[in-house]
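A quick write-up on the structure given underneath.
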Amino acid sequence: MADLDGLFEFDPASLAKVDRLGQSGVPCWPNGLLVTHLSTELHAAFVHHRDDAGMAAAAEGFGQVAVGGRLMFRNHMGKAMFLRLQDRGEATVDDVDRDGKGVRRGGAIQVYVRREDIGETAFESIKQLDIGDFVWAAGTMMRTRTGELSVHAREVRLAAKCLLPFPDRWNSVSDIQVRSRQRYIDLFMNEETRATFRARSRIVRYIRNFFEARDYLEVETPMMQPIPGGAAARPFVTHHNALDMDLFLRVAPELYLKRLVVGGLERVFEINRNFRNEGVSVKHNPEFTMLEFYQAWASMEDLVGLTEELLSALVSSVAGRSTLQFGELELDFSAPFARLDMDEAIARATGLTLTELGDPEAMAAFWATRFPTEPRMPTHRGGWWERLFERYVEPNLINPTFITGFPPEISPLARRSDARPDRCERFELYCARWELANGFSELNDPIDQAERFAAQVRAREAGDDESMYFDADYVRALSYGMPPTAGEGIGIDRLVMLITGRTSIREVILFPTLRPVAPTPSEPDPGPR
RNA sequence: GGGCCUAUAGCUCAACUGGCAGAGCACCGGACUCUUAAUCCGUAGGUUGUAGGUUCGAUUCCUACUGGGCCCA
């Protein structure tokens, strides 16, 4: 084998096995193997054929099948062998096991191999199969003496060799390091992981259908933006060499989507990645998936209803019921959701009066008696509300709850309430102690928008690096006129967490952001692990 | 950034108060024609995360570092 300059090391015993197999005419990575049936299809087709006569007749009618999958289990008994092949199928076929207990079949199919059926040479090479190998088998359907549906093999082939020691199948792989760094291992070892990501796909598909059914257009807007905007968050910076310009990975698609409403698309949505240069935690990943949607001729109230409709139907459809078990919490997603004004919620939780909540001095005094060591106090009412809300209200919001009545100071893109100009027509949806969605009637007055951007720029100059930039082209777009519009963002990863019951965001992102494996002194180059 | 916990074979885990580094599974060799976490016999597998310290002796006690987990900010 070619010298790999220490870039990768194969196990010599495995390489020897590859050679040995090749010399005896068994290629380790052959091509052109056709699979005709998925394990789940076979279980579904034969689930009602249990007795010998019925089974024989059904198998006769079915004829030859070819299956393929990863060898997860093997019993070898001299001149006969059982192989269990795991494929992409899902365990969806209701059946009963030997003891009459209900089970779900699918995802794997057993293969029965006899030496006298496939010949001595072929049988000898089958004995060389290892757990973890991909295996292909062709034959007819049968049931074993104990009733397990199996492929009675006429031919068995190694389809792809596994060169690495296979994880212990008694104890599922539980090391969170392995599970998230080497997601492929997690996927082929753990059915719950496969189920989580199938559910994620279903959730996204449901949302897409939901909006398409309401005449929304799915669009894609820039991931790389010359001016980052649409959310209060620190962006990642990158550089375009040919144009010699810095670009920011987007923290939100908002300002581009609203430009499309100005352009007349009226109803648009995007499901895509956002990037925020912030800490990593069980509910934060630097890149995460966001649904944003905008609808002209709609207001915040329309979105409240749409959100309730979407989430309650989505939960019922994917989870099969209207409540979700999330860690210790039980979450009720039946509409309508609770609603609470931000200031009332804070007043109730802190004991401060509504008058005191209008006075930054009073809130600062309240805070100083409880958290005297904390630096960097907010300077305006909205900043204090945000801080008090996070500390006193958010930890108690379990069931889905719309928080309304946000102040404009912390809502630079939201329309002011006509009835209460010191508040915005904005809501955030909270659930399981965190924010799940954020929506509002959009600010479409370009003059007001320009002033709010200017205020953000002043805050940035005063040291707040999460403040927004002045996006002149966005103000220009609004100046052409944007119809009254409402828009909303929903965090897809968090939604998937709630529905699948995974309490860490890393469990619902296939390849979460992780610190690289640190090189050790004896091994300066960690290699492609 | 702070606190607590943690790192032992490819995987999952043991090793009493500091006294010979172990088991099951996987791998390698062998037996077995309906098994189901098959069974039986045998072999091999380790710088106990890294670097120091205490000690006659350290997986075990101490310090620092690195990775990971949980909680707080």
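We name chains A, B, ... following the order of the structure tokens; residues begin at 1 in each chain, and ligands are numbered from 1 as shown.
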
**Prompt:** What are the residues of chain A that have an atom within 6 Å of an atom of chain B, counting only C-alpha atoms (C1' of nucleotides), as a list in words?
**Reply:**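 Close enough to count are Asn75, Met77, Gly78, Lys79, Ala80, Thr144, Arg145, Pro165, Phe166, Pro167, Asp168 and Asn171 of chain A.
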
**Message:** Residues near segment 46-60 of chain A, anyone? I mean within 7 Å using only C-alpha atoms (C1' of nucleotides), not counting same-chain ones fewer than 2 positions away, as a list in words.
**Reply:** Leu42, His43, Ala44, Phe62, Gly63, Asp95, Thr140, Met141 and Met142 of chain A

**Prompt:** Between B:G19, B:G29, B:A44, B:C70, which has the minimum distance to C56 of chain B (counting only C-alpha atoms (C1' of nucleotides))?
**Reply:** B:G19

**Point-to-point distance in Å for atom CA of Gly383 of chain A and atom CA of Lys258 of chain A** =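 According to the coordinates, atom CA of Lys258 of chain A and atom CA of Gly383 of chain A are separated by 26.0 Å.
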
**Message:** Which residues are close to Arg502 of chain A, i.e. within 12 Å by only C-alpha atoms (C1' of nucleotides), leaving aside same-chain residues fewer than 5 positions away? Reply as a VMD selection string.
**Reply:** chain A and resid 192 to 193 195 to 197 199 to 200 282 to 283 324 to 328 493 to 497 507 to 509

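Note that the spacing between atom CA of Val251 of chain A and atom CA of Glu292 of chain A amounts to 12.1 Å.
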